[in-house]
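Visitor: What follows is model_27.pdb; its format and atoms are PDB, C-alpha atoms (C1' of nucleotides).
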ATOM      1  CA  MET A 286      69.937 108.109 101.801
ATOM      2  CA  LYS A 287      73.500 109.348 101.961
ATOM      3  CA  LEU A 288      75.992 108.428  99.218
ATOM      4  CA  ALA A 289      79.684 109.300  99.303
ATOM      5  CA  THR A 290      82.865 108.801  97.307
ATOM      6  CA  TRP A 291      86.509 109.116  98.314
ATOM      7  CA  ASN A 292      89.818 108.383  96.653
ATOM      8  CA  VAL A 293      91.794 107.299  99.724
ATOM      9  CA  ASN A 294      95.212 106.774  98.052
ATOM     10  CA  SER A 295      95.934 103.495  99.913
ATOM     11  CA  LEU A 296      93.302 102.077 102.241
ATOM     12  CA  LYS A 297      95.979 100.569 104.510
ATOM     13  CA  VAL A 298      97.360 104.027 105.244
ATOM     14  CA  ARG A 299      93.962 105.748 105.373
ATOM     15  CA  LEU A 300      91.861 103.228 107.310
ATOM     16  CA  PRO A 301      91.705 105.405 110.460
ATOM     17  CA  HIS A 302      90.428 108.324 108.373
ATOM     18  CA  VAL A 303      87.838 106.118 106.694
ATOM     19  CA  LEU A 304      86.593 104.795 110.046
ATOM     20  CA  ASP A 305      86.349 108.378 111.338
ATOM     21  CA  PHE A 306      84.403 109.373 108.246
ATOM     22  CA  LEU A 307      81.973 106.439 108.616
ATOM     23  CA  ALA A 308      81.401 107.260 112.291
ATOM     24  CA  THR A 309      80.868 110.966 111.578
ATOM     25  CA  HIS A 310      78.630 110.778 108.520
ATOM     26  CA  ARG A 311      77.131 107.274 108.664
ATOM     27  CA  PRO A 312      76.750 107.134 104.848
ATOM     28  CA  ASP A 313      74.480 104.435 103.460
ATOM     29  CA  ALA A 314      77.128 103.797 100.821
ATOM     30  CA  LEU A 315      80.760 104.878 100.532
ATOM     31  CA  CYS A 316      82.698 104.313  97.306
ATOM     32  CA  LEU A 317      86.456 104.046  97.705
ATOM     33  CA  GLN A 318      89.122 104.334  95.034
ATOM     34  CA  GLU A 319      92.827 103.505  95.041
ATOM     35  CA  THR A 320      92.638 100.886  97.778
ATOM     36  CA  LYS A 321      96.004  99.677  96.378
ATOM     37  CA  THR A 322      95.668  96.182  97.804
ATOM     38  CA  GLU A 323      94.385  92.721  97.057
ATOM     39  CA  ASP A 324      91.655  91.198  99.236
ATOM     40  CA  GLY A 325      94.316  89.781 101.577
ATOM     41  CA  GLY A 326      95.234  93.272 102.736
ATOM     42  CA  PHE A 327      91.673  94.617 102.767
ATOM     43  CA  PRO A 328      90.364  95.532 106.257
ATOM     44  CA  PHE A 329      87.094  93.571 106.120
ATOM     45  CA  ALA A 330      87.030  92.926 109.901
ATOM     46  CA  ALA A 331      87.477  96.584 110.903
ATOM     47  CA  LEU A 332      84.695  97.624 108.532
ATOM     48  CA  VAL A 333      82.307  94.947 109.783
ATOM     49  CA  GLU A 334      83.130  96.144 113.290
ATOM     50  CA  ALA A 335      82.110  99.638 112.158
ATOM     51  CA  GLY A 336      78.760  98.267 110.964
ATOM     52  CA  TYR A 337      79.503  98.122 107.244
ATOM     53  CA  HIS A 338      79.346  95.518 104.528
ATOM     54  CA  ALA A 339      82.270  95.712 102.115
ATOM     55  CA  VAL A 340      82.838  94.422  98.603
ATOM     56  CA  HIS A 341      86.160  94.937  96.907
ATOM     57  CA  ASN A 342      87.726  94.735  93.458
ATOM     58  CA  GLY A 343      91.391  95.038  94.299
ATOM     59  CA  GLN A 344      94.864  94.479  92.962
ATOM     60  CA  LYS A 345      98.428  94.874  94.143
ATOM     61  CA  THR A 346     100.058  98.327  94.245
ATOM     62  CA  TYR A 347      97.701 100.283  92.007
ATOM     63  CA  ASN A 348      94.002 100.991  91.495
ATOM     64  CA  GLY A 349      91.458  98.963  93.482
ATOM     65  CA  VAL A 350      87.875 100.005  94.268
ATOM     66  CA  ALA A 351      85.534  99.112  97.099
ATOM     67  CA  LEU A 352      81.915  99.658  98.030
ATOM     68  CA  LEU A 353      80.970  99.961 101.710
ATOM     69  CA  SER A 354      77.321  99.934 102.741
ATOM     70  CA  ARG A 355      75.103  99.672 105.782
ATOM     71  CA  ALA A 356      72.638  97.439 103.924
ATOM     72  CA  GLU A 357      73.762  94.227 102.303
ATOM     73  CA  PRO A 358      74.851  94.823  98.683
ATOM     74  CA  ALA A 359      73.102  92.788  95.976
ATOM     75  CA  ASP A 360      74.076  91.870  92.407
ATOM     76  CA  VAL A 361      77.739  92.794  92.853
ATOM     77  CA  LEU A 362      79.547  93.454  89.575
ATOM     78  CA  ARG A 363      83.301  93.766  89.125
ATOM     79  CA  ASP A 364      84.777  95.436  86.013
ATOM     80  CA  ILE A 365      82.984  96.725  82.918
ATOM     81  CA  PRO A 366      81.293  93.744  81.244
ATOM     82  CA  GLY A 367      82.801  92.862  77.885
ATOM     83  CA  TYR A 368      85.732  95.262  78.304
ATOM     84  CA  ASP A 369      89.074  93.503  78.637
ATOM     85  CA  ASP A 370      91.003  95.451  81.276
ATOM     86  CA  PRO A 371      93.569  94.114  83.776
ATOM     87  CA  GLN A 372      93.217  97.268  85.903
ATOM     88  CA  LYS A 373      90.685  97.048  88.728
ATOM     89  CA  ARG A 374      88.708 100.247  88.351
ATOM     90  CA  LEU A 375      85.011  99.459  88.719
ATOM     91  CA  ILE A 376      82.657  97.825  91.185
ATOM     92  CA  ALA A 377      78.880  98.120  91.306
ATOM     93  CA  ALA A 378      76.119  96.817  93.548
ATOM     94  CA  THR A 379      72.473  97.412  94.339
ATOM     95  CA  ILE A 380      72.047  99.017  97.768
ATOM     96  CA  ASP A 381      68.626  99.917  99.143
ATOM     97  CA  GLY A 382      67.222  99.713  95.610
ATOM     98  CA  VAL A 383      69.845 102.061  94.161
ATOM     99  CA  ARG A 384      72.362 100.823  91.616
ATOM    100  CA  VAL A 385      75.612 102.265  92.990
ATOM    101  CA  VAL A 386      78.535 102.297  90.567
ATOM    102  CA  CYS A 387      81.992 103.079  91.933
ATOM    103  CA  GLY A 388      84.689 103.999  89.409
ATOM    104  CA  TYR A 389      88.339 104.929  89.456
ATOM    105  CA  MET A 390      88.686 106.417  86.011
ATOM    106  CA  PRO A 391      92.150 106.393  84.408
ATOM    107  CA  ASN A 392      94.404 109.388  84.950
ATOM    108  CA  GLY A 393      95.724 109.564  81.394
ATOM    109  CA  GLN A 394      99.172 110.934  82.337
ATOM    110  CA  ALA A 395      99.438 113.478  79.490
ATOM    111  CA  VAL A 396      97.391 114.505  76.478
ATOM    112  CA  GLY A 397      98.428 112.289  73.575
ATOM    113  CA  ALA A 398     100.147 109.656  75.726
ATOM    114  CA  GLU A 399      99.334 105.961  75.423
ATOM    115  CA  LYS A 400      97.582 106.171  78.802
ATOM    116  CA  TYR A 401      95.508 109.054  77.463
ATOM    117  CA  ALA A 402      94.161 106.835  74.671
ATOM    118  CA  TYR A 403      93.436 104.155  77.281
ATOM    119  CA  LYS A 404      91.570 106.738  79.355
ATOM    120  CA  LEU A 405      89.342 107.826  76.488
ATOM    121  CA  GLY A 406      88.686 104.197  75.505
ATOM    122  CA  TRP A 407      87.816 103.359  79.082
ATOM    123  CA  PHE A 408      85.243 106.169  79.172
ATOM    124  CA  THR A 409      83.772 104.953  75.881
ATOM    125  CA  ALA A 410      83.379 101.451  77.329
ATOM    126  CA  LEU A 411      81.909 102.831  80.554
ATOM    127  CA  THR A 412      79.377 104.966  78.712
ATOM    128  CA  GLY A 413      78.349 102.109  76.433
ATOM    129  CA  TRP A 414      77.781  99.745  79.333
ATOM    130  CA  LEU A 415      75.987 102.387  81.429
ATOM    131  CA  GLN A 416      73.405 102.980  78.736
ATOM    132  CA  GLY A 417      72.024  99.478  79.255
ATOM    133  CA  GLU A 418      72.627  99.554  82.990
ATOM    134  CA  LEU A 419      70.505 102.710  83.289
ATOM    135  CA  ALA A 420      67.701 101.027  81.356
ATOM    136  CA  ARG A 421      67.858  98.087  83.790
ATOM    137  CA  HIS A 422      68.263 100.327  86.863
ATOM    138  CA  PRO A 423      66.529 103.711  86.563
ATOM    139  CA  ARG A 424      67.701 104.563  90.071
ATOM    140  CA  LEU A 425      71.445 104.711  89.422
ATOM    141  CA  ALA A 426      74.349 106.706  90.858
ATOM    142  CA  LEU A 427      77.853 106.833  89.367
ATOM    143  CA  LEU A 428      80.403 107.920  91.944
ATOM    144  CA  GLY A 429      84.151 108.128  91.839
ATOM    145  CA  ASP A 430      87.385 109.760  90.840
ATOM    146  CA  TYR A 431      86.702 110.743  87.245
ATOM    147  CA  ASN A 432      90.093 112.385  86.718
ATOM    148  CA  ILE A 433      88.249 115.072  84.750
ATOM    149  CA  ALA A 434      87.576 118.672  85.755
ATOM    150  CA  PRO A 435      84.354 119.276  83.787
ATOM    151  CA  GLU A 436      84.549 123.058  83.487
ATOM    152  CA  ASP A 437      87.000 125.916  83.980
ATOM    153  CA  ARG A 438      85.312 126.839  87.258
ATOM    154  CA  ASP A 439      86.461 123.429  88.545
ATOM    155  CA  VAL A 440      90.109 124.434  88.060
ATOM    156  CA  HIS A 441      92.170 126.778  90.268
ATOM    157  CA  ASP A 442      94.145 128.137  87.291
ATOM    158  CA  PRO A 443      92.222 127.437  84.074
ATOM    159  CA  ASP A 444      94.807 129.109  81.837
ATOM    160  CA  ALA A 445      97.671 127.022  83.193
ATOM    161  CA  TRP A 446      95.584 123.856  82.781
ATOM    162  CA  ARG A 447      94.139 124.743  79.357
ATOM    163  CA  GLU A 448      93.995 121.557  77.226
ATOM    164  CA  GLN A 449      96.210 119.801  79.783
ATOM    165  CA  ILE A 450      95.512 116.369  81.242
ATOM    166  CA  LEU A 451      92.264 116.287  83.307
ATOM    167  CA  CYS A 452      91.007 119.389  81.465
ATOM    168  CA  SER A 453      91.360 118.675  77.737
ATOM    169  CA  THR A 454      88.393 118.965  75.390
ATOM    170  CA  PRO A 455      88.207 115.214  74.583
ATOM    171  CA  GLU A 456      88.127 114.427  78.311
ATOM    172  CA  ARG A 457      85.422 117.016  78.943
ATOM    173  CA  ASP A 458      83.517 115.567  75.981
ATOM    174  CA  ALA A 459      83.745 112.130  77.642
ATOM    175  CA  PHE A 460      82.274 113.606  80.816
ATOM    176  CA  ARG A 461      79.560 115.289  78.785
ATOM    177  CA  ALA A 462      78.711 111.948  77.164
ATOM    178  CA  LEU A 463      77.906 110.589  80.616
ATOM    179  CA  LEU A 464      75.598 113.540  81.296
ATOM    180  CA  ASN A 465      73.959 112.902  77.917
ATOM    181  CA  LEU A 466      72.887 109.473  79.185
ATOM    182  CA  GLY A 467      70.561 111.402  81.491
ATOM    183  CA  LEU A 468      72.888 111.747  84.474
ATOM    184  CA  THR A 469      73.241 114.947  86.493
ATOM    185  CA  ASP A 470      76.276 116.311  88.347
ATOM    186  CA  ALA A 471      74.846 116.415  91.886
ATOM    187  CA  PHE A 472      77.304 119.091  93.017
ATOM    188  CA  ARG A 473      76.005 121.556  90.436
ATOM    189  CA  LEU A 474      72.378 121.089  91.447
ATOM    190  CA  PHE A 475      73.120 123.570  94.229
ATOM    191  CA  GLU A 476      74.772 126.907  94.839
ATOM    192  CA  GLN A 477      78.359 126.189  95.823
ATOM    193  CA  PRO A 478      81.254 128.236  97.123
ATOM    194  CA  GLU A 479      83.559 129.513  94.384
ATOM    195  CA  LYS A 480      86.835 127.626  94.037
ATOM    196  CA  SER A 481      85.372 124.322  95.250
ATOM    197  CA  TYR A 482      87.787 121.460  94.598
ATOM    198  CA  SER A 483      88.113 117.803  95.560
ATOM    199  CA  TRP A 484      91.824 117.221  94.925
ATOM    200  CA  TRP A 485      94.934 119.212  95.827
ATOM    201  CA  ASP A 486      98.528 118.328  94.967
ATOM    202  CA  TYR A 487     100.630 117.148  97.905
ATOM    203  CA  ARG A 488     103.439 119.352  96.656
ATOM    204  CA  ASP A 489     103.913 123.062  97.013
ATOM    205  CA  LEU A 490     101.303 123.564  99.754
ATOM    206  CA  GLY A 491      98.549 122.817  97.252
ATOM    207  CA  PHE A 492      95.818 122.481  99.856
ATOM    208  CA  ARG A 493      96.777 125.501 101.931
ATOM    209  CA  ARG A 494      96.864 127.617  98.783
ATOM    210  CA  ASN A 495      93.663 125.955  97.496
ATOM    211  CA  LYS A 496      95.411 125.052  94.252
ATOM    212  CA  GLY A 497      93.008 122.267  93.399
ATOM    213  CA  LEU A 498      90.736 120.644  90.864
ATOM    214  CA  ARG A 499      87.215 119.239  91.154
ATOM    215  CA  ILE A 500      87.653 115.771  89.676
ATOM    216  CA  ASP A 501      85.624 113.583  92.071
ATOM    217  CA  HIS A 502      81.966 113.492  91.179
ATOM    218  CA  ILE A 503      78.559 112.045  91.960
ATOM    219  CA  LEU A 504      76.338 111.662  88.902
ATOM    220  CA  LEU A 505      72.690 110.818  89.490
ATOM    221  CA  SER A 506      69.971 109.463  87.228
ATOM    222  CA  ALA A 507      66.822 111.604  86.956
ATOM    223  CA  PRO A 508      64.795 110.020  89.793
ATOM    224  CA  LEU A 509      67.759 110.342  92.168
ATOM    225  CA  ALA A 510      68.611 113.879  91.060
ATOM    226  CA  ALA A 511      65.017 114.861  91.823
ATOM    227  CA  ALA A 512      65.443 113.461  95.337
ATOM    228  CA  CYS A 513      68.843 115.040  95.981
ATOM    229  CA  GLY A 514      68.724 117.669  98.714
ATOM    230  CA  ALA A 515      72.427 118.463  99.101
ATOM    231  CA  CYS A 516      75.859 117.715  97.711
ATOM    232  CA  THR A 517      79.033 118.811  99.466
ATOM    233  CA  ILE A 518      82.782 118.302  99.480
ATOM    234  CA  ASP A 519      84.054 117.455 102.964
ATOM    235  CA  LYS A 520      87.436 119.138 103.320
ATOM    236  CA  ALA A 521      87.897 118.068 106.956
ATOM    237  CA  PRO A 522      89.819 114.819 106.270
ATOM    238  CA  ARG A 523      92.250 116.707 104.002
ATOM    239  CA  LYS A 524      93.375 118.645 107.096
ATOM    240  CA  LEU A 525      94.327 115.540 109.110
ATOM    241  CA  GLU A 526      97.807 114.056 109.533
ATOM    242  CA  ARG A 527      98.883 112.064 106.473
ATOM    243  CA  PRO A 528      95.764 112.881 104.454
ATOM    244  CA  SER A 529      94.674 111.506 101.111
ATOM    245  CA  ASP A 530      95.204 114.083  98.385
ATOM    246  CA  HIS A 531      91.442 113.807  97.645
ATOM    247  CA  ALA A 532      88.482 114.945  99.754
ATOM    248  CA  PRO A 533      85.228 112.974 100.020
ATOM    249  CA  VAL A 534      82.108 114.098  98.151
ATOM    250  CA  ILE A 535      78.720 113.466  99.779
ATOM    251  CA  ALA A 536      75.180 113.534  98.376
ATOM    252  CA  ASP A 537      71.998 113.444 100.456
ATOM    253  CA  LEU A 538      68.914 111.899  98.866
ATOM    254  CA  ALA A 539      65.392 112.030 100.232
ATOM    255  CA  PRO A 540      64.017 108.534 100.939
TER     256      PRO A 540
ATOM    257  C1'  DA B 233     110.918 125.144  87.048
ATOM    258  C1'  DT B 234     108.994 118.414  83.781
ATOM    259  C1'  DG B 235     110.487 120.196  89.909
ATOM    260  C1'  DG B 236     107.826 120.184  94.362
ATOM    261  C1'  DC B 237     105.131 115.165  97.671
ATOM    262  C1'  DT B 238     103.135 110.440  98.740
ATOM    263  C1'  DT B 239     102.579 105.471  98.165
ATOM    264  C1'  DG B 240     103.995 100.648  97.220
ATOM    265  C1'  DA B 241     107.478  97.737  95.812
ATOM    266  C1'  DG B 242     111.466  96.156  98.571
ATOM    267  C1'  DT B 243     116.237  97.636 100.836
ATOM    268  C1'  DG B 244     118.070 101.256  96.418
ATOM    269  C1'  DT B 245     115.447 103.718  93.824
ATOM    270  C1'  DC B 246     111.734 103.792  90.657
ATOM    271  C1'  DA B 247     106.779 104.045  88.688
ATOM    272  C1'  DA B 248     102.653 106.438  89.131
ATOM    273  C1'  DG B 249      99.634 109.712  90.539
ATOM    274  C1'  DA B 250      96.983 114.414  88.843
TER     275       DA B 250
END
Output the file's structure as structure tokens, nothing else.

Guide:
Amino acid sequence: MKLATWNVNSLKVRLPHVLDFLATHRPDALCLQETKTEDGGFPFAALVEAGYHAVHNGQKTYNGVALLSRAEPADVLRDIPGYDDPQKRLIAATIDGVRVVCGYMPNGQAVGAEKYAYKLGWFTALTGWLQGELARHPRLALLGDYNIAPEDRDVHDPDAWREQILCSTPERDAFRALLNLGLTDAFRLFEQPEKSYSWWDYRDLGFRRNKGLRIDHILLSAPLAAACGACTIDKAPRKLERPSDHAPVIADLAP
DNA sequence: ATGGCTTGAGTGTCAAGA
């Protein structure tokens, strides 16, 4: 089973790249973030044509998450239960017996900002809900744009980013709290190239200079981590015309 | 260097991203 996640930064703009990615990799599930549209602008027909089911939790202009899958998704959930949040950042479904959770975690803007407090609260709500969800679904994967670089080796210039947004200790503690639920960072199950990142700033030739951060992650519950045979970042779409600023992350699980 | 680029809104220019 192949699981993937990709912050596309507008699905309307990136649809050709997404269709290319589906044709190339044929993932069993692809989690998308920042669709930036309501259902009316969501390309259901093109995705069905490509052989994929699609469920969406969208809104105008900002945020928006979708789950694409070859098998029909069951028990679709939108938003964190019991957490009052107008921002559309979470969708989950059961696909081939795996509970797939797709999240677009808040950016936080700056340490100490109002959005930073929202970010930390959002992670607290996510972690609280996931505890029960993991008990109900031992085979669970949490994929998405976490907007957290978990360690210094996930940062191109750790000194410049020290205690800055995406890298601060409270954010890294929030990431650690997810691991403490019994989840494993699939990427770090394997030897990886140094300076592996999943996001590069559009400005200042960020990608060409590999000035990036690893903020997109696939966390796996224990049974899935045991079955995981590979986890990679696919930099190819970042080299296309008008790319997303994020690259997809892919995990391969044994059946 | 608080900039640099990209998107969506909406038609001039701003918010937001990370």

Visitor: Under the PyMOL selection byres ((chain A) within 9 of (chain B)), which residues of this model are included? Write them out as a PyMOL selection string.

Guide: chain A and resi 294-295+298+321+345-347+392-394+432+450-451+484-489+527+529-530

Visitor: Hey, can you check how far CA of Gly388 (chain A) sits from CA of Ala510 (chain A)?

Guide: 18.9 Å

Visitor: Tell me which protein, DNA and RNA residues are within 9 Å of Ala314 (chain A), counting only C-alpha atoms (C1' of nucleotides), leaving out same-chain ones fewer than 3 positions away, and put them as a PyMOL selection string.

Guide: chain A and resi 286-290+311+337+352-356+380+385

Visitor: Using Å and a single decimal, report how far CA of Leu300 (chain A) sits from CA of Asp324 (chain A).

Guide: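 Answer for the CA of Asp324 (chain A) to CA of Leu300 (chain A) separation: 14.5 Å.
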
Visitor: Which neighbours of Phe408 (chain A) fall inside 12 Å, counting all atoms listed in the file, when residues of the same chain fewer than 6 positions from it are skipped, and could you give them as a ChimeraX atom specification?

Guide: /A:365,368,374-375,388-393,401-402,414-415,431-433,455-463

Visitor: Could the residues in this selection be written to a file with C-alpha atoms, as a tab-separated table (two decimals), in the frame of the given file?

Guide:
chain	number	residue	atom	x	y	z
A	365	ILE	CA	82.98	96.72	82.92
A	368	TYR	CA	85.73	95.26	78.30
A	374	ARG	CA	88.71	100.25	88.35
A	375	LEU	CA	85.01	99.46	88.72
A	388	GLY	CA	84.69	104.00	89.41
A	389	TYR	CA	88.34	104.93	89.46
A	390	MET	CA	88.69	106.42	86.01
A	391	PRO	CA	92.15	106.39	84.41
A	392	ASN	CA	94.40	109.39	84.95
A	393	GLY	CA	95.72	109.56	81.39
A	401	TYR	CA	95.51	109.05	77.46
A	402	ALA	CA	94.16	106.84	74.67
A	414	TRP	CA	77.78	99.74	79.33
A	415	LEU	CA	75.99	102.39	81.43
A	431	TYR	CA	86.70	110.74	87.24
A	432	ASN	CA	90.09	112.38	86.72
A	433	ILE	CA	88.25	115.07	84.75
A	455	PRO	CA	88.21	115.21	74.58
A	456	GLU	CA	88.13	114.43	78.31
A	457	ARG	CA	85.42	117.02	78.94
A	458	ASP	CA	83.52	115.57	75.98
A	459	ALA	CA	83.74	112.13	77.64
A	460	PHE	CA	82.27	113.61	80.82
A	461	ARG	CA	79.56	115.29	78.78
A	462	ALA	CA	78.71	111.95	77.16
A	463	LEU	CA	77.91	110.59	80.62

Visitor: With all atoms listed in the file counted, which protein, DNA or RNA residues have an atom no more than 10 Å from (93.9, 99.2, 95.9) in the file frame? Please answer as JSON, numbers by chain.

Guide: {"A": [293, 294, 295, 296, 297, 317, 318, 319, 320, 321, 322, 323, 324, 326, 327, 341, 342, 343, 344, 345, 346, 347, 348, 349, 350, 351, 373, 374]}

Visitor: CA of Asp313 (chain A) and CA of Leu468 (chain A) are how many Å apart?

Guide: 20.4 Å

Visitor: Would you list the contacts of Leu525 (chain A) as a list in words, taking every protein, DNA or RNA residue within 12 Å and counting all atoms listed in the file, but skipping same-chain residues closer than 4 positions in sequence?

Guide: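 The residues satisfying every condition are Arg299, Pro301, His302, Val303, Asp305, Phe306, Phe492, Lys520, Ala521, Ser529, Asp530, His531 and Ala532 of chain A.
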
Visitor: Restricting it to C-alpha atoms, dump the selection as a CSV table (one decimal), keeping the file's coordinate frame.

Guide:
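Result went into part_34.csv, see below:
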chain,number,residue,atom,x,y,z
A,299,ARG,CA,94.0,105.7,105.4
A,301,PRO,CA,91.7,105.4,110.5
A,302,HIS,CA,90.4,108.3,108.4
A,303,VAL,CA,87.8,106.1,106.7
A,305,ASP,CA,86.3,108.4,111.3
A,306,PHE,CA,84.4,109.4,108.2
A,492,PHE,CA,95.8,122.5,99.9
A,520,LYS,CA,87.4,119.1,103.3
A,521,ALA,CA,87.9,118.1,107.0
A,529,SER,CA,94.7,111.5,101.1
A,530,ASP,CA,95.2,114.1,98.4
A,531,HIS,CA,91.4,113.8,97.6
A,532,ALA,CA,88.5,114.9,99.8

Visitor: On this structure, the PyMOL selection byres ((chain A and resi 428) around 8) would catch which residues? List them as number ranges by chain, sorted by chain and number.

Guide: A: 289-290, 316, 385-388, 426-427, 429-430, 501-504

Visitor: Keeping only C-alpha atoms, take the residues you just selected and write them out as a JSON list (two decimals), keeping the file's coordinate frame.

Guide:
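Everything below was put into out.json:
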[["chain", "number", "residue", "atom", "x", "y", "z"],
["A", 289, "ALA", "CA", 79.68, 109.30, 99.30],
["A", 290, "THR", "CA", 82.86, 108.80, 97.31],
["A", 316, "CYS", "CA", 82.70, 104.31, 97.31],
["A", 385, "VAL", "CA", 75.61, 102.26, 92.99],
["A", 386, "VAL", "CA", 78.54, 102.30, 90.57],
["A", 387, "CYS", "CA", 81.99, 103.08, 91.93],
["A", 388, "GLY", "CA", 84.69, 104.00, 89.41],
["A", 426, "ALA", "CA", 74.35, 106.71, 90.86],
["A", 427, "LEU", "CA", 77.85, 106.83, 89.37],
["A", 429, "GLY", "CA", 84.15, 108.13, 91.84],
["A", 430, "ASP", "CA", 87.38, 109.76, 90.84],
["A", 501, "ASP", "CA", 85.62, 113.58, 92.07],
["A", 502, "HIS", "CA", 81.97, 113.49, 91.18],
["A", 503, "ILE", "CA", 78.56, 112.04, 91.96],
["A", 504, "LEU", "CA", 76.34, 111.66, 88.90]]

Visitor: Need to verify the contact set: Glu357 (chain A), 10 Å, only C-alpha atoms (C1' of nucleotides), exclusion of same-chain residues closer than 6 positions in sequence. Can you return it as an MDAnalysis selection string?

Guide: chainID A and resid 337:340 378:381

Visitor: So which one's closest to Pro435 (chain A), A:Pro312, A:Arg473, A:Thr409, A:Pro522? Using only C-alpha atoms, please.

Guide: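 The closest residue to Pro435 (chain A) is A:Arg473.
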
Visitor: Extract region 381-423 of chain A from the coordinates I pasted, and write it as a tab-separated table (two decimals), in the first residue's frame (atoms kept: C-alpha atoms).

Guide:
chain	number	residue	atom	x	y	z
A	381	ASP	CA	-8.28	-0.49	2.66
A	382	GLY	CA	-8.60	-0.98	6.43
A	383	VAL	CA	-6.23	1.89	7.25
A	384	ARG	CA	-7.47	4.97	9.06
A	385	VAL	CA	-5.93	7.76	6.97
A	386	VAL	CA	-5.89	11.19	8.60
A	387	CYS	CA	-5.00	14.19	6.45
A	388	GLY	CA	-4.09	17.41	8.26
A	389	TYR	CA	-3.08	20.92	7.34
A	390	MET	CA	-1.66	22.09	10.63
A	391	PRO	CA	-1.65	25.84	11.33
A	392	ASN	CA	1.40	27.85	10.34
A	393	GLY	CA	1.52	30.00	13.46
A	394	GLN	CA	2.99	33.09	11.74
A	395	ALA	CA	5.47	34.01	14.50
A	396	VAL	CA	6.38	32.75	17.96
A	397	GLY	CA	4.12	34.51	20.45
A	398	ALA	CA	1.58	35.68	17.87
A	399	GLU	CA	-2.14	35.02	18.26
A	400	LYS	CA	-1.89	32.49	15.42
A	401	TYR	CA	0.92	30.77	17.31
A	402	ALA	CA	-1.40	30.18	20.28
A	403	TYR	CA	-4.03	28.88	17.86
A	404	LYS	CA	-1.44	26.52	16.38
A	405	LEU	CA	-0.47	25.05	19.74
A	406	GLY	CA	-4.13	24.71	20.75
A	407	TRP	CA	-4.90	23.00	17.47
A	408	PHE	CA	-2.15	20.44	18.10
A	409	THR	CA	-3.47	19.85	21.62
A	410	ALA	CA	-6.95	19.16	20.21
A	411	LEU	CA	-5.52	16.92	17.49
A	412	THR	CA	-3.49	14.89	19.96
A	413	GLY	CA	-6.42	14.50	22.33
A	414	TRP	CA	-8.73	13.27	19.60
A	415	LEU	CA	-6.07	10.97	18.08
A	416	GLN	CA	-5.60	9.13	21.35
A	417	GLY	CA	-9.12	7.71	21.08
A	418	GLU	CA	-8.94	7.38	17.32
A	419	LEU	CA	-5.83	5.20	17.64
A	420	ALA	CA	-7.61	2.98	20.16
A	421	ARG	CA	-10.49	2.58	17.68
A	422	HIS	CA	-8.17	2.18	14.66
A	423	PRO	CA	-4.83	0.52	15.48
